[in-house]
Amino acid sequence: MQYTGLNELREKYLSFFESKGHLRMKSFSLIPHNDKSLLLINSGMAPLKPYFTGAQEPPCRRVTTSQKCIRTPDIDRVGHTARHGTYFEMLGNFSFGDYFKHQAIPWAWEFVTKVLEIPENLLWATVYENDDEAYDIWAKEVGMPEEHIVRLGKADNFWEHGSGPCGPCSEIYFDRGEKYGCGSKDCKPGCDCDRYMEIWNNVFTQFDNDGNGNYTELASKNIDTGMGLERLACVMQGVDNLFEVDTVRRILDKVCSLAGKKYGDDKKNDVSIRVITDHIRGSSFMICDGIIPSNEGRGYVLRRLVRRASRHGRLLGISGAFLSELCEVVICENESAYPELREKADYIKKVLSIEEQRFFQTIDSGLAILDTMIEKTLAAGKKELCAEDSFKLYDTYGFPIDLTDEILGEKGLKLDREGFDKLMTVQRETARKNRSMGGGWDNAGQSALADITPTEFLGYTDTCCKAKVVAIIADDQKLDSVSEGDFTLVLDKTVFYGEGGGQVGDVGSVLKGDVKCKVTDTKKTKENVFYHLCSFENDGVISVGDEVECKVCACNRAAIARNHSSVHLLQAALREVLGSHVEQSGSYVDANRSRFDFTHFAAMTKEELDKVENIVNEKILAALKCSTVVTDLESAQKAGAMALFGEKYHGDVRMVSMGDFSVELCGGTHVDNTSCIGLFKIVSESGIAAGIRRIEAVTAKGVLELLYGEKALVDDACAALNVNNRNELAVKAQQLEATLHEQKKLIEKLNAKIDSAQVSALESSIIEKGQVKLLFSRLDSMTPDRLRQSCDMLKAKFEDIVCVLCAVNDSKIVFAAACGKDAVAKGAHAGNILKKISPIVGGGGGGRPDSASSGGKDPSKLDDAKEAFYAMF
């Protein structure tokens with residue numbers, strides 16, 4: 001067998017199974033789509049589950065992939081051993097009711113022996129102990145010597161997860177040689193030693209488990225194959241672990257270069273080198289797939305990886321941020337298979353850089369606080385940091401709990417993880433209770449719609465139609481007829497758009513002869529049953545079976561369409577200005593405004609906002625034709641249509657194009673030509689979450705209303721400043737600002753003179769006691785800053801003074817204390833003085849030996865505080 005690089009191995013595998021009639025599919029995102037059971041994709045078959053379960057029709061009955069995966073349970077062990085890693089790729093060939101064992105096993109053998117040319121005498125196979133069929137295929141069809149075929153029990157060679165589809169496994173093992181073995185004559189696959197390495201696992205999904213141990217044959221049998229790409233590369237490159245594999249080793253070498261260390265010279269350094277090497281791989285791919293560092297879910301996994309890598313960089317002596325530089329190696333090593341890494345390189349580097357800088361801001365203060373907590377814990381003779389301390393570090397200072405755990409372990413201490421988790425649960429429950437729970441009819445009454453046929457929607461082409469009343473609902477109950485109050489109508493067909501995709505529902509009227517009902521909103525269920533929220537505008541009765549006329553408010557619909565279409569232009573403009581990493585993460589469109597949430601790592605500059613706004617308006621003035629095509633998802637994606645990230649599309653999709661500038665999958669209503677939008681204006685840009693920005697905008701009449709409002713504001717400002725020409729307003733404001741600045745400086749000078757005079761007057765109140773001078777005085781006219789400045793003046797003039805000055809404003813007390821240089825040398829401490837006297841007036845505070853400040857709530861106790869001050873000396 002010949003040395004084969006990791007990227008070449010991947011291509012050989014995928015090409016081989018393409019030659020066997022398999023459809024090569026791109027790796028799915030690391031973010032699971034519509035699978036709440038997973039935080040991150042952790043196996044090759046995970047994103048294919050809908051095909052295995054029959055929930056979705058696969059694009060082909062034979063599929064092959066190389067799937068990006070992240071596994072997190074072993075994060076803490078990564079680096080401490082050379083075996084563990086968080087990021088890896090799984091090669092897989094899959095059959096959905098097509099071929100089975102008689103093809104899967106021979107093809108596996110053909111690939112490893114003919115394509116990779118691994119010597120047959122180094123290969124072994126395992127089968128489930130009762131799977132005679134697989135055993136015979138290996139022995140009789142493949143021709144493997146029977147002494148190389150091992151039967152193993154259910155724990156090793158039978159895949160099942162509760163009730164449902166399950167089946168036996170057959171694995172291929174590579175014999176690494178006697179030097180890796182245990183020395184036993186019976187050593188073979190299944191032994192706990194390191195001699196035999198599993199490289200291929202075929203899962204034969206052929207049974208259905210009823211959950212009680214009863215197995216029946218499946219009518220449609222599947223093949224699920226898994227083979228770790230990095231593990232296979234270890235075999236083909238003759239190395240011991242994934243960190244020695246060519247593409248990974250080049251990342252590791254860059255870490256060593258940045259740190260000035262040599263791998264293998266020091267065990268402690270090697271741990272940090274492996275941690276960084278693994279974590280930068282996983283982090284780069286996660287960011288590329290749209291994950292942003294945060295404190296929850298997969299975002300927290302990413303934050304944990306980035307910050308753990310950054311800390312180990314510090315342990316190696318790397319000064320400053322380095323991960324954005326290191327990720328360039330990851331990109332170079334993987335871009336041939338994953339070109340999106342290069343396309344999003346700037347974005348990946350920026351996210352890493354920002355997160356690392358944020359960590360630096362946290363780490364220094366957090367480490368200092370943690371060190372103090374550790375000292376107190378050790379001094380108390382305890383072996384576990386209390387949950388309250390670890391939670392305070394996390395909640396107040398943003399210090400990662402996993403990093404706390406790791407540092408405690410290095411100090412020989414444990415973390416009270418159970419106590420920490422309880423405190424987190426309390427916090428989450430409190431937050432959940434404080435959240436608006438929404439509710440309303442669509443939560444309580446949708447069961448009333450369960451048996452209703454989906455509504456025929458005609459609203460893409462029409463704004464009025466005839467329809468039949470299918471159901472009437474009021475107070476969550478189905479009625480035969482209604483004559484008063486608010487109610488909900490379900491029709492067999494409608495022109496009213498049901499709220500969805502960020503677009504609000506239509507409003508308008510439903511008429512039956514002279515009876516007129518106002519439609520205040522329209523919604524729809526996931527089964528596409530549209531329901532109209534109505535109220536009577538005159539006397540009458542509406543009954544099930546009635547024929548009615550539906551009329552959408554055309555003006556409202558047109559305004560919504562303008563705003564919705566502008567959002568499509570906005571997204572395209574943002575990607576042009578900011579980069580291809582921009583993806584929609586939410587939107588809201590009504591008749592008055594639009595709101596667009598998107599992935600981006602920093603606040604947009606004024607120049608960027610102006611550029612985006614100008615591009616959108618240029619496309620509006622270009623009068624681009626807007627067209628809609630109903631097609632299948634694959635065709636739409638080939639045409640370059642952007643899909644809403646995480647959205648699940650069924651059957652045919654609507655592809656909305658605006659010239660060649662914007663192509664998106666969208667079910668909303670739109671203008672026929674971009675010129676109908678009129679004008680576009682960004683109102684605001686803000687951050688709503690880590691890595692998520694929000695733009696709010698208006699179009700057409702909304703822009704006019706905005707201009708009218710700003711004109712009124714300018715006119716009011718002109719009137720207030722007595723400016724006749726609005727063009728002179730800025731100059732007038734600047735003149736006023738300059739005048740106010742000069743007056744402020746003059747006031748500060750006068751206050752300084754007043755304070756100096758007051759301080760001089762205080763000298764007569766100074767009392768000499770022992771080796772220091774004492775002064776306690778109340779100066780209600782002074783602000784906190786002026787109190788501190790007065791203390792500084794006294795301290796500068798009398799090096800042996802101990803003074804406390806206070807002021808009362810709105811029944812609140814402010815203290816400032818100071819001790820001169822000589823007084824401090826003799827044991828005086830301003831912070832300790834305020835710690836003692838502040839509680840007397842219902843306050844608290846402290847500070848340094850030479851300067852301190854505090855507050856209080858009870859001015860009536862100031863005399864008691866004064867007595868306590870003098871009694872201290």
# chains A, B, ... in the order shown; residues from 1 in each chain; ligands from 1
>>> select_by_dssp(residues="range 252-448 of chain A", states="strand (DSSP E)", output="list of chain:residue names")
A:Glu384, A:Leu385, A:Lys414, A:Leu415
>>> write_last_selection(atoms="N, CA and C atoms", output="short mmCIF file (atom, residue, chain, number, x, y, z; two decimals), in the first residue's frame")
data_model
loop_
_atom_site.label_atom_id
_atom_site.label_comp_id
_atom_site.auth_asym_id
_atom_site.auth_seq_id
_atom_site.Cartn_x
_atom_site.Cartn_y
_atom_site.Cartn_z
N GLU A 384 -13.12 21.28 47.14
CA GLU A 384 -14.11 21.59 46.11
C GLU A 384 -14.49 23.06 46.19
N LEU A 385 -14.46 23.75 45.04
CA LEU A 385 -14.90 25.14 44.99
C LEU A 385 -16.42 25.17 45.07
N LYS A 414 -11.80 20.21 42.89
CA LYS A 414 -12.96 19.81 42.11
C LYS A 414 -13.97 20.94 42.01
N LEU A 415 -14.83 20.83 41.02
CA LEU A 415 -15.92 21.79 40.83
C LEU A 415 -17.22 21.16 41.27
#
>>> select_by_dssp(residues="range 226-347 of chain A", states="alpha helix (DSSP H)", output="ChimeraX atom specification")
/A:229-237,246-259,267-288,297-315,323-334,340-343,345-347
>>> closest_residue(among="A:Ser163, A:Ser294, A:Ser684, A:Ser283", to="Leu326 in chain A", atoms="only C-alpha atoms")
A:Ser283
>>> residues_around(residues="Asp389 in chain A", least_positions_apart="2", cutoff="12 Å", atoms="only C-alpha atoms", output="PyMOL selection string")
chain A and resi 366+369-374+376-377+384-387+391-397+399+401+404+415-417+419-420+423
>>> residues_around(residues="range 536-540 of chain A", least_positions_apart="2", cutoff="9 Å", atoms="only C-alpha atoms", output="PyMOL selection string")
chain A and resi 482-487+512+514-518+534+542
>>> write_last_selection(atoms="all heavy atoms", output="mmCIF file, in the first residue's frame")
data_model
loop_
_atom_site.group_PDB
_atom_site.id
_atom_site.type_symbol
_atom_site.label_atom_id
_atom_site.label_comp_id
_atom_site.auth_asym_id
_atom_site.auth_seq_id
_atom_site.Cartn_x
_atom_site.Cartn_y
_atom_site.Cartn_z
ATOM 1 N N VAL A 482 -72.518 32.298 13.276
ATOM 2 C CA VAL A 482 -72.104 33.346 14.209
ATOM 3 C C VAL A 482 -72.781 34.645 13.785
ATOM 4 O O VAL A 482 -72.970 34.901 12.590
ATOM 5 C CB VAL A 482 -70.558 33.489 14.226
ATOM 6 C CG1 VAL A 482 -70.041 33.923 12.871
ATOM 7 C CG2 VAL A 482 -70.107 34.437 15.319
ATOM 8 N N SER A 483 -73.146 35.487 14.773
ATOM 9 C CA SER A 483 -73.850 36.733 14.448
ATOM 10 C C SER A 483 -73.305 37.936 15.211
ATOM 11 O O SER A 483 -73.762 39.058 14.995
ATOM 12 C CB SER A 483 -75.350 36.591 14.750
ATOM 13 O OG SER A 483 -75.546 36.284 16.130
ATOM 14 N N GLU A 484 -72.336 37.718 16.100
ATOM 15 C CA GLU A 484 -71.785 38.848 16.858
ATOM 16 C C GLU A 484 -70.405 38.492 17.392
ATOM 17 O O GLU A 484 -69.989 37.334 17.414
ATOM 18 C CB GLU A 484 -72.706 39.202 18.026
ATOM 19 C CG GLU A 484 -72.878 38.077 19.026
ATOM 20 C CD GLU A 484 -73.831 38.449 20.155
ATOM 21 O OE1 GLU A 484 -74.354 39.570 20.127
ATOM 22 O OE2 GLU A 484 -74.021 37.610 21.056
ATOM 23 N N GLY A 485 -69.687 39.547 17.835
ATOM 24 C CA GLY A 485 -68.385 39.349 18.473
ATOM 25 C C GLY A 485 -67.268 39.012 17.495
ATOM 26 O O GLY A 485 -67.427 39.063 16.272
ATOM 27 N N ASP A 486 -66.126 38.663 18.058
ATOM 28 C CA ASP A 486 -64.969 38.265 17.248
ATOM 29 C C ASP A 486 -65.028 36.772 16.975
ATOM 30 O O ASP A 486 -65.425 35.988 17.845
ATOM 31 C CB ASP A 486 -63.664 38.601 17.988
ATOM 32 C CG ASP A 486 -63.509 40.100 18.232
ATOM 33 O OD1 ASP A 486 -64.057 40.882 17.429
ATOM 34 O OD2 ASP A 486 -62.845 40.480 19.215
ATOM 35 N N PHE A 487 -64.607 36.387 15.794
ATOM 36 C CA PHE A 487 -64.652 34.970 15.431
ATOM 37 C C PHE A 487 -63.594 34.688 14.368
ATOM 38 O O PHE A 487 -62.959 35.593 13.823
ATOM 39 C CB PHE A 487 -66.046 34.583 14.919
ATOM 40 C CG PHE A 487 -66.494 35.365 13.714
ATOM 41 C CD1 PHE A 487 -66.349 34.848 12.434
ATOM 42 C CD2 PHE A 487 -67.063 36.630 13.865
ATOM 43 C CE1 PHE A 487 -66.757 35.569 11.324
ATOM 44 C CE2 PHE A 487 -67.474 37.359 12.753
ATOM 45 C CZ PHE A 487 -67.323 36.829 11.485
ATOM 46 N N LYS A 512 -70.992 38.698 2.600
ATOM 47 C CA LYS A 512 -72.088 37.803 2.188
ATOM 48 C C LYS A 512 -73.304 38.675 1.957
ATOM 49 O O LYS A 512 -74.000 39.067 2.900
ATOM 50 C CB LYS A 512 -72.384 36.765 3.263
ATOM 51 C CG LYS A 512 -73.356 35.681 2.782
ATOM 52 C CD LYS A 512 -73.833 34.769 3.910
ATOM 53 C CE LYS A 512 -74.923 35.429 4.725
ATOM 54 N NZ LYS A 512 -75.589 34.477 5.676
ATOM 55 N N ASP A 514 -75.250 41.782 1.912
ATOM 56 C CA ASP A 514 -75.059 43.058 2.606
ATOM 57 C C ASP A 514 -74.269 42.906 3.903
ATOM 58 O O ASP A 514 -73.915 43.904 4.538
ATOM 59 C CB ASP A 514 -76.430 43.684 2.929
ATOM 60 C CG ASP A 514 -77.188 44.064 1.661
ATOM 61 O OD1 ASP A 514 -76.514 44.369 0.662
ATOM 62 O OD2 ASP A 514 -78.430 44.045 1.699
ATOM 63 N N VAL A 515 -74.035 41.669 4.316
ATOM 64 C CA VAL A 515 -73.305 41.433 5.563
ATOM 65 C C VAL A 515 -71.809 41.599 5.303
ATOM 66 O O VAL A 515 -71.245 40.970 4.396
ATOM 67 C CB VAL A 515 -73.580 40.018 6.119
ATOM 68 C CG1 VAL A 515 -72.799 39.796 7.399
ATOM 69 C CG2 VAL A 515 -75.075 39.818 6.337
ATOM 70 N N LYS A 516 -71.191 42.460 6.110
ATOM 71 C CA LYS A 516 -69.770 42.754 5.913
ATOM 72 C C LYS A 516 -68.987 42.412 7.185
ATOM 73 O O LYS A 516 -69.329 42.862 8.276
ATOM 74 C CB LYS A 516 -69.570 44.229 5.555
ATOM 75 C CG LYS A 516 -68.125 44.577 5.200
ATOM 76 C CD LYS A 516 -68.008 46.041 4.751
ATOM 77 C CE LYS A 516 -66.578 46.368 4.344
ATOM 78 N NZ LYS A 516 -66.443 47.792 3.923
ATOM 79 N N CYS A 517 -67.950 41.624 7.005
ATOM 80 C CA CYS A 517 -67.065 41.265 8.118
ATOM 81 C C CYS A 517 -65.673 41.816 7.854
ATOM 82 O O CYS A 517 -65.155 41.698 6.721
ATOM 83 C CB CYS A 517 -66.981 39.756 8.285
ATOM 84 S SG CYS A 517 -68.564 38.977 8.605
ATOM 85 N N LYS A 518 -65.096 42.385 8.864
ATOM 86 C CA LYS A 518 -63.748 42.931 8.754
ATOM 87 C C LYS A 518 -62.728 41.842 9.094
ATOM 88 O O LYS A 518 -62.831 41.183 10.137
ATOM 89 C CB LYS A 518 -63.586 44.113 9.706
ATOM 90 C CG LYS A 518 -62.237 44.801 9.640
ATOM 91 C CD LYS A 518 -62.201 45.980 10.603
ATOM 92 C CE LYS A 518 -60.870 46.704 10.532
ATOM 93 N NZ LYS A 518 -60.826 47.841 11.497
ATOM 94 N N CYS A 534 -61.834 37.653 12.339
ATOM 95 C CA CYS A 534 -62.880 38.544 11.820
ATOM 96 C C CYS A 534 -63.717 39.180 12.928
ATOM 97 O O CYS A 534 -63.752 38.707 14.069
ATOM 98 C CB CYS A 534 -63.823 37.763 10.893
ATOM 99 S SG CYS A 534 -63.024 36.964 9.512
ATOM 100 N N ILE A 542 -73.293 34.722 9.640
ATOM 101 C CA ILE A 542 -72.433 33.920 8.761
ATOM 102 C C ILE A 542 -72.533 32.478 9.231
ATOM 103 O O ILE A 542 -72.396 32.188 10.425
ATOM 104 C CB ILE A 542 -70.970 34.385 8.816
ATOM 105 C CG1 ILE A 542 -70.841 35.817 8.319
ATOM 106 C CG2 ILE A 542 -70.067 33.444 8.015
ATOM 107 C CD1 ILE A 542 -70.969 35.977 6.827
#
>>> residues_around(residues="Asn7 in chain A", least_positions_apart="2", cutoff="12 Å", atoms="only C-alpha atoms", output="ChimeraX atom specification")
/A:4-5,9-14,66,89,91,229-230,232-233,245-248,332-338
>>> atom_distance(atom1="CA of Gly640 in chain A", atom2="CA of Ile31 in chain A")
21.0 Å
>>> residues_around(residues="range 556-566 of chain A", least_positions_apart="5", cutoff="9 Å", atoms="only C-alpha atoms", output="number ranges by chain")
A: 463, 497, 502-504, 506-508, 571, 588-594, 616, 620, 626, 658, 668-671, 674, 676-678, 680, 697-701
>>> write_last_selection(atoms="N, CA and C atoms", output="short mmCIF file (atom, residue, chain, number, x, y, z; two decimals), in the first residue's frame")
data_model
loop_
_atom_site.label_atom_id
_atom_site.label_comp_id
_atom_site.auth_asym_id
_atom_site.auth_seq_id
_atom_site.Cartn_x
_atom_site.Cartn_y
_atom_site.Cartn_z
N THR A 463 -56.58 39.48 -5.74
CA THR A 463 -56.85 40.11 -4.44
C THR A 463 -58.33 39.96 -4.05
N TYR A 497 -53.25 36.38 2.40
CA TYR A 497 -51.96 35.74 2.73
C TYR A 497 -51.93 35.44 4.22
N GLY A 502 -41.97 35.59 7.92
CA GLY A 502 -41.68 36.95 8.35
C GLY A 502 -42.66 37.98 7.87
N GLN A 503 -43.57 37.60 6.97
CA GLN A 503 -44.56 38.54 6.43
C GLN A 503 -45.86 38.41 7.21
N VAL A 504 -46.44 39.55 7.59
CA VAL A 504 -47.69 39.54 8.35
C VAL A 504 -48.84 39.08 7.46
N ASP A 506 -52.63 39.16 5.72
CA ASP A 506 -53.41 40.20 5.04
C ASP A 506 -54.61 40.63 5.88
N VAL A 507 -55.11 41.83 5.58
CA VAL A 507 -56.36 42.34 6.15
C VAL A 507 -57.29 42.68 5.00
N GLY A 508 -58.57 42.89 5.32
CA GLY A 508 -59.53 43.22 4.28
C GLY A 508 -60.94 42.93 4.72
N GLN A 571 -30.76 42.04 1.37
CA GLN A 571 -29.88 40.92 1.66
C GLN A 571 -28.79 40.79 0.59
N TYR A 588 -39.09 40.56 9.60
CA TYR A 588 -40.48 40.94 9.87
C TYR A 588 -40.86 41.99 8.84
N VAL A 589 -41.98 41.79 8.18
CA VAL A 589 -42.42 42.71 7.13
C VAL A 589 -43.89 43.01 7.31
N ASP A 590 -44.23 44.29 7.44
CA ASP A 590 -45.64 44.68 7.43
C ASP A 590 -45.81 45.87 6.49
N ALA A 591 -46.93 46.54 6.56
CA ALA A 591 -47.19 47.63 5.62
C ALA A 591 -46.38 48.88 5.93
N ASN A 592 -45.88 49.00 7.15
CA ASN A 592 -45.20 50.23 7.57
C ASN A 592 -43.69 50.16 7.52
N ARG A 593 -43.12 48.96 7.69
CA ARG A 593 -41.66 48.88 7.79
C ARG A 593 -41.21 47.45 7.52
N SER A 594 -39.90 47.31 7.45
CA SER A 594 -39.30 45.98 7.34
C SER A 594 -38.18 45.87 8.37
N VAL A 616 -29.31 49.35 -2.95
CA VAL A 616 -30.74 48.99 -3.00
C VAL A 616 -31.50 50.01 -3.85
N ILE A 620 -33.66 49.64 -7.37
CA ILE A 620 -35.05 50.09 -7.48
C ILE A 620 -35.20 50.96 -8.74
N CYS A 626 -39.36 41.52 -11.59
CA CYS A 626 -39.46 40.53 -10.52
C CYS A 626 -40.29 39.36 -11.03
N MET A 658 -35.15 38.95 -8.84
CA MET A 658 -35.22 40.38 -9.15
C MET A 658 -34.06 40.69 -10.07
N GLY A 668 -43.59 34.57 0.08
CA GLY A 668 -44.31 35.81 0.31
C GLY A 668 -44.81 36.48 -0.95
N THR A 669 -45.44 37.64 -0.78
CA THR A 669 -45.96 38.40 -1.92
C THR A 669 -44.99 39.52 -2.25
N HIS A 670 -44.85 39.80 -3.56
CA HIS A 670 -43.83 40.74 -4.01
C HIS A 670 -44.34 41.65 -5.11
N VAL A 671 -43.57 42.71 -5.39
CA VAL A 671 -43.89 43.63 -6.48
C VAL A 671 -43.55 42.95 -7.81
N THR A 674 -39.04 46.20 -9.51
CA THR A 674 -38.43 46.89 -8.35
C THR A 674 -38.77 48.37 -8.31
N CYS A 676 -41.54 49.65 -8.42
CA CYS A 676 -42.75 49.83 -7.60
C CYS A 676 -42.40 50.09 -6.13
N ILE A 677 -41.20 49.76 -5.72
CA ILE A 677 -40.79 49.98 -4.32
C ILE A 677 -40.67 51.48 -4.05
N GLY A 678 -40.30 52.24 -5.07
CA GLY A 678 -40.23 53.70 -4.95
C GLY A 678 -38.91 54.18 -4.42
N PHE A 680 -35.99 53.51 -0.84
CA PHE A 680 -35.63 52.68 0.31
C PHE A 680 -34.74 53.49 1.24
N ALA A 697 -35.97 49.31 8.17
CA ALA A 697 -36.02 50.19 7.01
C ALA A 697 -37.46 50.48 6.61
N VAL A 698 -37.61 51.50 5.77
CA VAL A 698 -38.93 51.87 5.24
C VAL A 698 -38.80 52.08 3.74
N THR A 699 -39.96 52.06 3.05
CA THR A 699 -39.98 52.28 1.61
C THR A 699 -41.11 53.24 1.26
N ALA A 700 -41.06 53.75 0.03
CA ALA A 700 -42.15 54.53 -0.57
C ALA A 700 -42.70 55.60 0.38
N LYS A 701 -43.98 55.51 0.76
CA LYS A 701 -44.59 56.51 1.63
C LYS A 701 -43.92 56.56 3.00
#
>>> atom_distance(atom1="CA of Ile615 in chain A", atom2="CA of Leu707 in chain A")
19.9 Å
>>> closest_residue(among="A:Ala309, A:Ala572, A:Val663, A:Leu774", to="Arg281 in chain A", atoms="only C-alpha atoms")
A:Ala309
>>> residues_around(residues="range 825-840 of chain A", least_positions_apart="4", cutoff="10 Å", atoms="only C-alpha atoms", output="NGL selection string")
:A and (771-772 or 800-804 or 813-821 or 844-859 or 861-869 or 872-873)
>>> write_last_selection(atoms="N, CA and C atoms", output="CSV table (one decimal), in the first residue's frame")
chain,number,residue,atom,x,y,z
A,771,GLN,N,-0.2,61.4,66.4
A,771,GLN,CA,0.7,61.7,65.3
A,771,GLN,C,0.0,62.2,64.0
A,772,VAL,N,-1.3,62.4,64.0
A,772,VAL,CA,-2.0,62.8,62.8
A,772,VAL,C,-2.9,63.9,63.0
A,800,ASP,N,0.3,64.6,56.9
A,800,ASP,CA,-0.1,63.7,58.1
A,800,ASP,C,-1.6,63.8,58.4
A,801,ILE,N,-2.4,64.3,57.4
A,801,ILE,CA,-3.8,64.5,57.6
A,801,ILE,C,-4.6,63.2,57.3
A,802,VAL,N,-5.7,63.0,58.1
A,802,VAL,CA,-6.8,62.0,57.9
A,802,VAL,C,-8.1,62.8,57.8
A,803,CYS,N,-8.7,62.8,56.7
A,803,CYS,CA,-9.9,63.7,56.5
A,803,CYS,C,-11.1,62.9,55.9
A,804,VAL,N,-12.3,63.2,56.4
A,804,VAL,CA,-13.5,62.7,55.8
A,804,VAL,C,-14.4,63.9,55.5
A,813,ILE,N,-26.3,60.5,51.1
A,813,ILE,CA,-25.0,60.9,51.6
A,813,ILE,C,-23.9,60.4,50.7
A,814,VAL,N,-22.9,61.3,50.4
A,814,VAL,CA,-21.7,60.9,49.7
A,814,VAL,C,-20.5,61.2,50.6
A,815,PHE,N,-19.7,60.2,50.8
A,815,PHE,CA,-18.4,60.4,51.6
A,815,PHE,C,-17.2,60.4,50.7
A,816,ALA,N,-16.2,61.2,51.0
A,816,ALA,CA,-14.9,61.1,50.4
A,816,ALA,C,-13.9,61.2,51.5
A,817,ALA,N,-12.9,60.3,51.5
A,817,ALA,CA,-11.9,60.2,52.5
A,817,ALA,C,-10.5,60.2,51.9
A,818,ALA,N,-9.5,60.8,52.7
A,818,ALA,CA,-8.2,60.8,52.2
A,818,ALA,C,-7.2,60.7,53.4
A,819,CYS,N,-6.0,60.1,53.2
A,819,CYS,CA,-5.0,60.1,54.2
A,819,CYS,C,-3.7,60.5,53.5
A,820,GLY,N,-3.0,61.5,54.1
A,820,GLY,CA,-1.7,61.9,53.6
A,820,GLY,C,-0.7,60.8,53.7
A,821,LYS,N,0.5,61.1,53.0
A,821,LYS,CA,1.5,60.1,52.9
A,821,LYS,C,2.0,59.7,54.2
A,844,GLY,N,-22.3,51.8,52.6
A,844,GLY,CA,-21.2,51.0,52.5
A,844,GLY,C,-20.2,51.5,51.5
A,845,GLY,N,-19.0,51.0,51.5
A,845,GLY,CA,-18.0,51.5,50.5
A,845,GLY,C,-16.6,51.2,51.0
A,846,GLY,N,-15.6,51.7,50.3
A,846,GLY,CA,-14.2,51.5,50.7
A,846,GLY,C,-13.3,52.1,49.7
A,847,GLY,N,-12.0,51.6,49.7
A,847,GLY,CA,-11.1,52.1,48.7
A,847,GLY,C,-9.7,51.9,49.2
A,848,ARG,N,-8.8,52.7,48.6
A,848,ARG,CA,-7.3,52.5,48.8
A,848,ARG,C,-6.9,53.1,50.2
A,849,PRO,N,-5.7,52.9,50.7
A,849,PRO,CA,-5.3,53.5,51.9
A,849,PRO,C,-5.3,55.0,51.9
A,850,ASP,N,-4.9,55.6,50.7
A,850,ASP,CA,-4.8,57.1,50.6
A,850,ASP,C,-6.1,57.8,50.1
A,851,SER,N,-7.0,57.0,49.5
A,851,SER,CA,-8.2,57.6,49.0
A,851,SER,C,-9.4,56.6,48.9
A,852,ALA,N,-10.6,57.1,49.3
A,852,ALA,CA,-11.7,56.2,49.3
A,852,ALA,C,-13.0,57.0,49.2
A,853,SER,N,-14.1,56.3,48.8
A,853,SER,CA,-15.4,56.9,48.7
A,853,SER,C,-16.5,55.9,49.1
A,854,SER,N,-17.6,56.5,49.5
A,854,SER,CA,-18.7,55.6,49.9
A,854,SER,C,-20.0,56.4,49.9
A,855,GLY,N,-21.1,55.8,50.3
A,855,GLY,CA,-22.4,56.5,50.4
A,855,GLY,C,-23.2,56.1,51.6
A,856,GLY,N,-24.3,56.7,51.8
A,856,GLY,CA,-25.2,56.4,52.9
A,856,GLY,C,-26.6,56.9,52.6
A,857,LYS,N,-27.6,56.5,53.5
A,857,LYS,CA,-29.0,56.8,53.3
A,857,LYS,C,-29.7,57.6,54.4
A,858,ASP,N,-29.0,57.7,55.6
A,858,ASP,CA,-29.6,58.3,56.7
A,858,ASP,C,-28.9,59.4,57.3
A,859,PRO,N,-29.1,60.7,56.8
A,859,PRO,CA,-28.4,61.9,57.2
A,859,PRO,C,-28.5,62.1,58.7
A,861,LYS,N,-28.0,60.3,61.1
A,861,LYS,CA,-26.9,59.6,61.8
A,861,LYS,C,-25.5,60.1,61.5
A,862,LEU,N,-25.4,61.2,60.8
A,862,LEU,CA,-24.1,61.8,60.5
A,862,LEU,C,-23.3,62.1,61.7
A,863,ASP,N,-23.9,62.7,62.7
A,863,ASP,CA,-23.2,63.0,63.9
A,863,ASP,C,-22.6,61.8,64.6
A,864,ASP,N,-23.4,60.7,64.6
A,864,ASP,CA,-22.9,59.4,65.1
A,864,ASP,C,-21.6,58.9,64.3
A,865,ALA,N,-21.7,59.1,63.0
A,865,ALA,CA,-20.6,58.7,62.1
A,865,ALA,C,-19.4,59.6,62.5
A,866,LYS,N,-19.6,60.9,62.7
A,866,LYS,CA,-18.5,61.8,63.0
A,866,LYS,C,-17.8,61.4,64.3
A,867,GLU,N,-18.6,61.0,65.3
A,867,GLU,CA,-18.1,60.6,66.6
A,867,GLU,C,-17.3,59.3,66.4
A,868,ALA,N,-17.8,58.4,65.6
A,868,ALA,CA,-17.1,57.1,65.4
A,868,ALA,C,-15.7,57.4,64.7
A,869,PHE,N,-15.7,58.4,63.8
A,869,PHE,CA,-14.5,58.7,63.1
A,869,PHE,C,-13.4,59.2,64.1
A,872,MET,N,-11.8,56.6,66.4
A,872,MET,CA,-10.9,55.6,65.9
A,872,MET,C,-9.4,56.0,66.1
A,873,PHE,N,-9.2,57.3,66.6
A,873,PHE,CA,-7.8,57.7,66.8
A,873,PHE,C,-7.5,58.1,68.2
>>> atom_distance(atom1="CA of Asp476 in chain A", atom2="CA of Gly667 in chain A")
28.3 Å
